[in-house]
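Reviewing the structure listed below.
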Amino acid sequence: MTDLALWFEKMKDNFILNFIADNRWRYLWEGLKITLKVTFFAVLIGIAIGVVVAVIRSTYDQTAETARKGFGRMLLGLLNGVCKLYLTVIRGTPVVVQLMITYYVIFVSSNDKVMVAILAFGINSGAYVAEIVRSGIMSIDRGQFEAGRSLGFNYVQTMWNIIIPQAFKNVLPALANEFIVLLKETSVSGFIGLQDLTKGGDIIRSRTYSAFMPLIGVAIIYLVMVMFFSWLVGKLERRLRIGDR
Amino acid sequence: MTANNQNTDREVLIRAEGLEKHFKGGEIKALDGIDAEVYKGEVVVVIGPSGSGKSTFLRCLNLLEVPTGGKVYFEGTDITDPKTNINVHRQKMGMVFQHFNLFPHMTILRNMTIAPMKLHKLSREEAEKKATALLERVGLADRAHAYPSQLSGGQKQRIAIVRALCMDPEVMLFDEPTSALDPEMVGEVLDVMKQLARDGMTMVVVTHEMGFAREVGDRVIFMDYGKIVEENVPELIFTKPGSERLRNFLAKVL
């Protein structure tokens, strides 16, 4: 009994040392804000890039036989090639390396680490989102596309109003998974000296020389965020399923 | 209303000239030189064995299938010309598919109003008023807020017809509209089509419903192997088939 009480006492001291003393909790709070900011904007960039790349790739594939030869077809072929190169490079290299190249090589004169991180993670995520969205577009029956076109919608209007909403619903679980991965992936931001949540916990560790509390604390914060996000997506999924029997 | 005097006093709406659709570099000829006209206000029924190219022919009329040769004129415009904006012309050519192709993520009302609102710039009120009136005509006004998955096949196809009508088309193209339906639902869809024909809509109908062809058609086109084999008023097609191939076909389906 006394052992347990002693352990609790030690934990309490540890907690105070790591989070309360010198307002050290603020490292986590400030870090959390940066992590959320980077994730949020990287998700937006990822979706934007992903949808555009997916539409280009699936358009190229689906019109391979039917399109008239000409300038439009050539342009589409060129764009498709660029997209493929992008997918190969981004998916073929580690995100930490991409982050460091973005910071130390491309934006060598910029000190805006948040912006660099948003760009690097957004561009990285775009590649994965592209393939997810593409699989969604391919999963929609061709008749839906023809129905849209027969009403007089042009290609982009048909994609935007009819195909993408249905594709989005089909790939929502995969997309949610990608965003969970992205949220956790931002924890390597410390490599360019960005003080995100993980870095915040690590700073506390280096000050207090105690690893347990700050690292477990950081882990719990990530876990809670992911659980909240999963719950949110589950709700959205149920709402989008209204039209299904 | 016979085929003979149409050429002189009726306006040509669609004209197909030497229409060809080849696959695999000419190995397969789905359409092998089709010349046909559709006059304003008439009901043209296209019949023929499966694989005869009748669906391909229909889909070439609004360029869902791009012909590999020949031309299609709609209201005098060559829509096969790459410089023509096909989207504008498709707004005037309603199409009904074998598998309905309703948008499953939208309510019935939204299915019907999305195109008029986005393409004709109708306000929501105007578009919904029009859609509701059309829904009443086909007896489905109470399903306006249902989703397609909550409807029967016959109901879906009736919705697909009025969805196309919401765009005020000049012509309606029907691609085997009753082939995917349970037998007891065929009648309700054909009734809507008959009503449409009586109202003077120009219609091109690819179908296996010989009863419909006979009763509603002004002209019947019989296709086989990507060619038009025979073309005449329904009475003559069904009572005095001129070719061996049509006789064989009719013997199988009637």
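Residue numbering restarts at 1 in every chain; chains get A, B, ... in the order shown in the structure tokens, and ligands count up from 1 in that same order.
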Specify as JSON, numbers by chain all residues of chain B found within 10 Å of chain A, counting only C-alpha atoms.
{"B": [23, 24, 59, 62, 63, 64, 65, 66, 67, 68, 82, 85, 86, 87, 88, 89, 90, 91, 92, 93, 94, 95, 96, 97, 98, 99, 100, 101, 102, 103, 104, 105, 106, 107, 114, 115, 116, 118, 119, 146, 147, 148, 149, 150, 160, 163, 164, 165, 166, 167, 169, 173]}
Those residues with C-alpha atoms, as a short mmCIF file (atom, residue, chain, number, x, y, z; two decimals), in the first residue's frame please?
data_model
loop_
_atom_site.label_atom_id
_atom_site.label_comp_id
_atom_site.auth_asym_id
_atom_site.auth_seq_id
_atom_site.Cartn_x
_atom_site.Cartn_y
_atom_site.Cartn_z
CA PHE B 23 -13.18 -0.60 -83.67
CA LYS B 24 -9.70 -2.10 -83.71
CA ARG B 59 -25.30 7.00 -79.08
CA ASN B 62 -25.51 12.88 -79.45
CA LEU B 63 -21.86 11.92 -79.74
CA LEU B 64 -21.68 9.84 -76.57
CA GLU B 65 -20.01 7.54 -79.04
CA VAL B 66 -17.73 9.42 -81.40
CA PRO B 67 -18.21 8.09 -84.94
CA THR B 68 -15.03 7.18 -86.81
CA PRO B 82 -14.58 19.27 -83.55
CA ASN B 85 -19.55 22.93 -78.86
CA ILE B 86 -21.36 19.64 -78.40
CA ASN B 87 -22.48 20.50 -74.85
CA VAL B 88 -24.85 23.20 -76.10
CA HIS B 89 -26.48 20.79 -78.55
CA ARG B 90 -26.70 17.95 -76.04
CA GLN B 91 -28.84 20.21 -73.85
CA LYS B 92 -31.50 19.90 -76.54
CA MET B 93 -31.14 16.11 -76.93
CA GLY B 94 -32.52 14.27 -73.95
CA MET B 95 -31.32 10.72 -73.43
CA VAL B 96 -32.75 7.81 -71.50
CA PHE B 97 -30.52 4.84 -70.75
CA GLN B 98 -31.16 1.15 -70.28
CA HIS B 99 -29.82 1.32 -66.73
CA PHE B 100 -31.52 4.63 -65.81
CA ASN B 101 -28.26 6.23 -64.59
CA LEU B 102 -29.94 8.40 -62.00
CA PHE B 103 -27.50 10.18 -59.70
CA PRO B 104 -27.65 8.08 -56.51
CA HIS B 105 -26.26 10.78 -54.23
CA MET B 106 -29.06 13.23 -55.00
CA THR B 107 -32.78 13.29 -54.25
CA ILE B 114 -29.37 20.26 -61.23
CA ALA B 115 -29.00 20.54 -65.00
CA PRO B 116 -31.62 23.29 -65.56
CA LYS B 118 -26.57 25.01 -63.71
CA LEU B 119 -27.02 25.09 -67.48
CA ALA B 146 -36.71 10.19 -52.02
CA TYR B 147 -33.35 8.89 -53.24
CA PRO B 148 -33.08 6.73 -56.39
CA SER B 149 -32.25 3.62 -54.34
CA GLN B 150 -35.69 3.87 -52.72
CA ALA B 160 -34.97 9.38 -65.88
CA ARG B 163 -35.12 14.40 -65.75
CA ALA B 164 -34.27 14.68 -69.43
CA LEU B 165 -37.52 16.58 -70.10
CA CYS B 166 -36.54 19.20 -67.53
CA MET B 167 -34.05 20.53 -70.08
CA PRO B 169 -35.18 18.94 -75.30
CA LEU B 173 -33.23 9.43 -77.46
#
Can you tell me, as a tab-separated table (two decimals) with N, CA, C and O atoms, in the first residue's frame, what residues are no more than 9 Å from Val189 of chain B when counting only C-alpha atoms, ignoring any on the same chain fewer than 6 positions away?
chain	number	residue	atom	x	y	z
B	154	GLY	N	-39.15	0.63	-62.54
B	154	GLY	CA	-40.07	1.38	-63.39
B	154	GLY	C	-40.14	2.84	-62.98
B	154	GLY	O	-40.16	3.74	-63.83
B	155	GLN	N	-40.15	3.06	-61.67
B	155	GLN	CA	-40.17	4.44	-61.18
B	155	GLN	C	-38.89	5.16	-61.56
B	155	GLN	O	-38.92	6.32	-61.99
B	157	GLN	N	-36.99	4.65	-64.12
B	157	GLN	CA	-36.95	4.99	-65.54
B	157	GLN	C	-37.90	6.14	-65.85
B	157	GLN	O	-37.59	7.00	-66.68
B	158	ARG	N	-39.03	6.20	-65.16
B	158	ARG	CA	-39.94	7.33	-65.38
B	158	ARG	C	-39.26	8.62	-64.93
B	158	ARG	O	-39.38	9.66	-65.58
B	161	ILE	N	-36.77	9.74	-67.48
B	161	ILE	CA	-37.41	10.41	-68.62
B	161	ILE	C	-37.71	11.87	-68.28
B	161	ILE	O	-37.37	12.78	-69.03
B	177	PRO	N	-35.03	1.44	-73.26
B	177	PRO	CA	-35.47	1.94	-71.95
B	177	PRO	C	-36.17	0.90	-71.08
B	177	PRO	O	-36.28	1.10	-69.87
B	178	THR	N	-36.64	-0.18	-71.67
B	178	THR	CA	-37.38	-1.15	-70.85
B	178	THR	C	-36.65	-2.48	-70.69
B	178	THR	O	-37.16	-3.40	-70.07
Give me, as a VMD selection string, all polymer residues having an atom no more than 8 Å from Glu230 of chain B, counting only C-alpha atoms and skipping those fewer than 3 positions away in the same chain.
chain B and resid 221 to 223 237 242 to 243 246
As an NGL selection string, please: the residues near Ala30 of chain B (cut-off 6 Å, only C-alpha atoms, same-chain neighbours under 6 positions excluded).
:B and (21-22 or 53 or 226)
Dump as an mmCIF file, in the first residue's frame, selection limited to N, CA, C and O atoms:
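Result file part_38.cif:
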data_model
loop_
_atom_site.group_PDB
_atom_site.id
_atom_site.type_symbol
_atom_site.label_atom_id
_atom_site.label_comp_id
_atom_site.auth_asym_id
_atom_site.auth_seq_id
_atom_site.Cartn_x
_atom_site.Cartn_y
_atom_site.Cartn_z
ATOM 1 N N LYS B 21 -18.715 3.563 -87.441
ATOM 2 C CA LYS B 21 -18.009 3.392 -86.170
ATOM 3 C C LYS B 21 -17.214 2.097 -86.264
ATOM 4 O O LYS B 21 -17.778 1.003 -86.282
ATOM 5 N N HIS B 22 -15.917 2.243 -86.369
ATOM 6 C CA HIS B 22 -15.053 1.071 -86.486
ATOM 7 C C HIS B 22 -14.236 0.901 -85.215
ATOM 8 O O HIS B 22 -13.807 1.877 -84.602
ATOM 9 N N GLY B 53 -25.826 -2.907 -83.978
ATOM 10 C CA GLY B 53 -25.313 -1.540 -84.020
ATOM 11 C C GLY B 53 -26.364 -0.499 -83.732
ATOM 12 O O GLY B 53 -26.095 0.694 -83.840
ATOM 13 N N GLY B 226 -24.610 -3.452 -88.638
ATOM 14 C CA GLY B 226 -24.163 -2.063 -88.766
ATOM 15 C C GLY B 226 -24.731 -1.326 -89.959
ATOM 16 O O GLY B 226 -24.245 -0.258 -90.305
#
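Interatomic distance, atom CA of Thr59 of chain A to atom CA of Leu44 of chain A: 22.5 Å.
Checking B:Gly26, B:Pro49, B:Gly217, B:Gly200 one by one against Arg245 of chain B, counting only C-alpha atoms, you find the shortest gap at B:Pro49.
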Give me, as a Markdown table, each residue of segment 78-106 of chain A that comes within 10 Å of segment 192-213 of chain A, together with its shortest interatomic pair and the distance in Å at one decimal, counting only C-alpha atoms, with rows ordered by chain and rising residue number.
| residue | atom | partner | partner_atom | distance |
| --- | --- | --- | --- | --- |
| A:Val96 | CA | A:Ile192 | CA | 9.2 |
| A:Leu99 | CA | A:Ile192 | CA | 7.6 |
| A:Met100 | CA | A:Ile192 | CA | 6.4 |
| A:Ile101 | CA | A:Ile192 | CA | 9.8 |
| A:Thr102 | CA | A:Ile192 | CA | 9.6 |
| A:Tyr103 | CA | A:Ile192 | CA | 6.9 |
| A:Tyr104 | CA | A:Ile192 | CA | 8.2 |
Please report, as a PyMOL selection string, each residue of segment 60-196 of chain B to which DSSP assigns strand (DSSP E) when run on this structure's backbone.
chain B and resi 69-74+77-78+93-96+171-175
Could the residues in this selection be saved with N, CA, C and O atoms as a PDB file, in the first residue's frame?
ATOM      1  N   GLY B  69     -16.362   7.846 -88.733  1.00  0.00           N
ATOM      2  CA  GLY B  69     -16.533   8.408 -90.065  1.00  0.00           C
ATOM      3  C   GLY B  69     -17.951   8.909 -90.241  1.00  0.00           C
ATOM      4  O   GLY B  69     -18.848   8.524 -89.493  1.00  0.00           O
ATOM      5  N   GLY B  70     -18.162   9.799 -91.199  1.00  0.00           N
ATOM      6  CA  GLY B  70     -19.498  10.318 -91.448  1.00  0.00           C
ATOM      7  C   GLY B  70     -19.809  11.533 -90.603  1.00  0.00           C
ATOM      8  O   GLY B  70     -18.982  11.979 -89.813  1.00  0.00           O
ATOM      9  N   LYS B  71     -21.011  12.052 -90.803  1.00  0.00           N
ATOM     10  CA  LYS B  71     -21.387  13.287 -90.117  1.00  0.00           C
ATOM     11  C   LYS B  71     -22.771  13.187 -89.501  1.00  0.00           C
ATOM     12  O   LYS B  71     -23.615  12.427 -89.969  1.00  0.00           O
ATOM     13  N   VAL B  72     -22.969  13.951 -88.429  1.00  0.00           N
ATOM     14  CA  VAL B  72     -24.294  14.077 -87.825  1.00  0.00           C
ATOM     15  C   VAL B  72     -24.652  15.557 -87.801  1.00  0.00           C
ATOM     16  O   VAL B  72     -23.888  16.377 -87.294  1.00  0.00           O
ATOM     17  N   TYR B  73     -25.801  15.875 -88.407  1.00  0.00           N
ATOM     18  CA  TYR B  73     -26.295  17.259 -88.359  1.00  0.00           C
ATOM     19  C   TYR B  73     -27.479  17.315 -87.412  1.00  0.00           C
ATOM     20  O   TYR B  73     -28.385  16.495 -87.493  1.00  0.00           O
ATOM     21  N   PHE B  74     -27.427  18.286 -86.493  1.00  0.00           N
ATOM     22  CA  PHE B  74     -28.564  18.501 -85.595  1.00  0.00           C
ATOM     23  C   PHE B  74     -29.017  19.944 -85.778  1.00  0.00           C
ATOM     24  O   PHE B  74     -28.225  20.868 -85.609  1.00  0.00           O
ATOM     25  N   THR B  77     -26.717  21.959 -87.855  1.00  0.00           N
ATOM     26  CA  THR B  77     -25.318  22.147 -87.463  1.00  0.00           C
ATOM     27  C   THR B  77     -24.592  20.807 -87.490  1.00  0.00           C
ATOM     28  O   THR B  77     -25.112  19.812 -86.995  1.00  0.00           O
ATOM     29  N   ASP B  78     -23.400  20.819 -88.054  1.00  0.00           N
ATOM     30  CA  ASP B  78     -22.591  19.601 -88.061  1.00  0.00           C
ATOM     31  C   ASP B  78     -21.976  19.423 -86.673  1.00  0.00           C
ATOM     32  O   ASP B  78     -20.992  20.064 -86.331  1.00  0.00           O
ATOM     33  N   MET B  93     -30.928  17.524 -76.578  1.00  0.00           N
ATOM     34  CA  MET B  93     -31.137  16.114 -76.930  1.00  0.00           C
ATOM     35  C   MET B  93     -31.193  15.299 -75.650  1.00  0.00           C
ATOM     36  O   MET B  93     -30.164  14.948 -75.077  1.00  0.00           O
ATOM     37  N   GLY B  94     -32.388  15.053 -75.170  1.00  0.00           N
ATOM     38  CA  GLY B  94     -32.525  14.271 -73.945  1.00  0.00           C
ATOM     39  C   GLY B  94     -32.190  12.814 -74.204  1.00  0.00           C
ATOM     40  O   GLY B  94     -32.415  12.312 -75.301  1.00  0.00           O
ATOM     41  N   MET B  95     -31.613  12.139 -73.207  1.00  0.00           N
ATOM     42  CA  MET B  95     -31.320  10.723 -73.426  1.00  0.00           C
ATOM     43  C   MET B  95     -31.756   9.895 -72.224  1.00  0.00           C
ATOM     44  O   MET B  95     -31.587  10.300 -71.075  1.00  0.00           O
ATOM     45  N   VAL B  96     -32.329   8.739 -72.538  1.00  0.00           N
ATOM     46  CA  VAL B  96     -32.752   7.813 -71.496  1.00  0.00           C
ATOM     47  C   VAL B  96     -32.007   6.501 -71.712  1.00  0.00           C
ATOM     48  O   VAL B  96     -31.952   5.992 -72.833  1.00  0.00           O
ATOM     49  N   VAL B 171     -35.483  16.718 -78.907  1.00  0.00           N
ATOM     50  CA  VAL B 171     -35.619  15.311 -79.278  1.00  0.00           C
ATOM     51  C   VAL B 171     -35.240  14.465 -78.072  1.00  0.00           C
ATOM     52  O   VAL B 171     -34.417  14.865 -77.248  1.00  0.00           O
ATOM     53  N   MET B 172     -35.897  13.299 -77.962  1.00  0.00           N
ATOM     54  CA  MET B 172     -35.559  12.380 -76.876  1.00  0.00           C
ATOM     55  C   MET B 172     -35.015  11.090 -77.485  1.00  0.00           C
ATOM     56  O   MET B 172     -35.635  10.497 -78.371  1.00  0.00           O
ATOM     57  N   LEU B 173     -33.846  10.673 -76.987  1.00  0.00           N
ATOM     58  CA  LEU B 173     -33.234   9.434 -77.464  1.00  0.00           C
ATOM     59  C   LEU B 173     -33.419   8.366 -76.379  1.00  0.00           C
ATOM     60  O   LEU B 173     -33.070   8.594 -75.221  1.00  0.00           O
ATOM     61  N   PHE B 174     -33.975   7.244 -76.757  1.00  0.00           N
ATOM     62  CA  PHE B 174     -34.202   6.169 -75.789  1.00  0.00           C
ATOM     63  C   PHE B 174     -33.353   4.956 -76.148  1.00  0.00           C
ATOM     64  O   PHE B 174     -33.496   4.398 -77.230  1.00  0.00           O
ATOM     65  N   ASP B 175     -32.473   4.570 -75.252  1.00  0.00           N
ATOM     66  CA  ASP B 175     -31.592   3.426 -75.511  1.00  0.00           C
ATOM     67  C   ASP B 175     -32.094   2.206 -74.730  1.00  0.00           C
ATOM     68  O   ASP B 175     -31.747   2.028 -73.569  1.00  0.00           O
TER      69      ASP B 175
END
What residues in segment 98-192 of chain B get the DSSP label helix (DSSP H, G or I)? Please answer as a PyMOL selection string.
chain B and resi 108-119+124-137+141-143+148-150+153-165+183-192
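Note that the spacing between atom CA of Asp61 of chain A and atom CA of Ala42 of chain A amounts to 27.7 Å.
For Val114 of chain A, the residues within 8 Å (counting only C-alpha atoms, excluding itself and residues fewer than 4 positions away along the chain) are Ile34, Val38, Ile118 and Leu194 of chain A.
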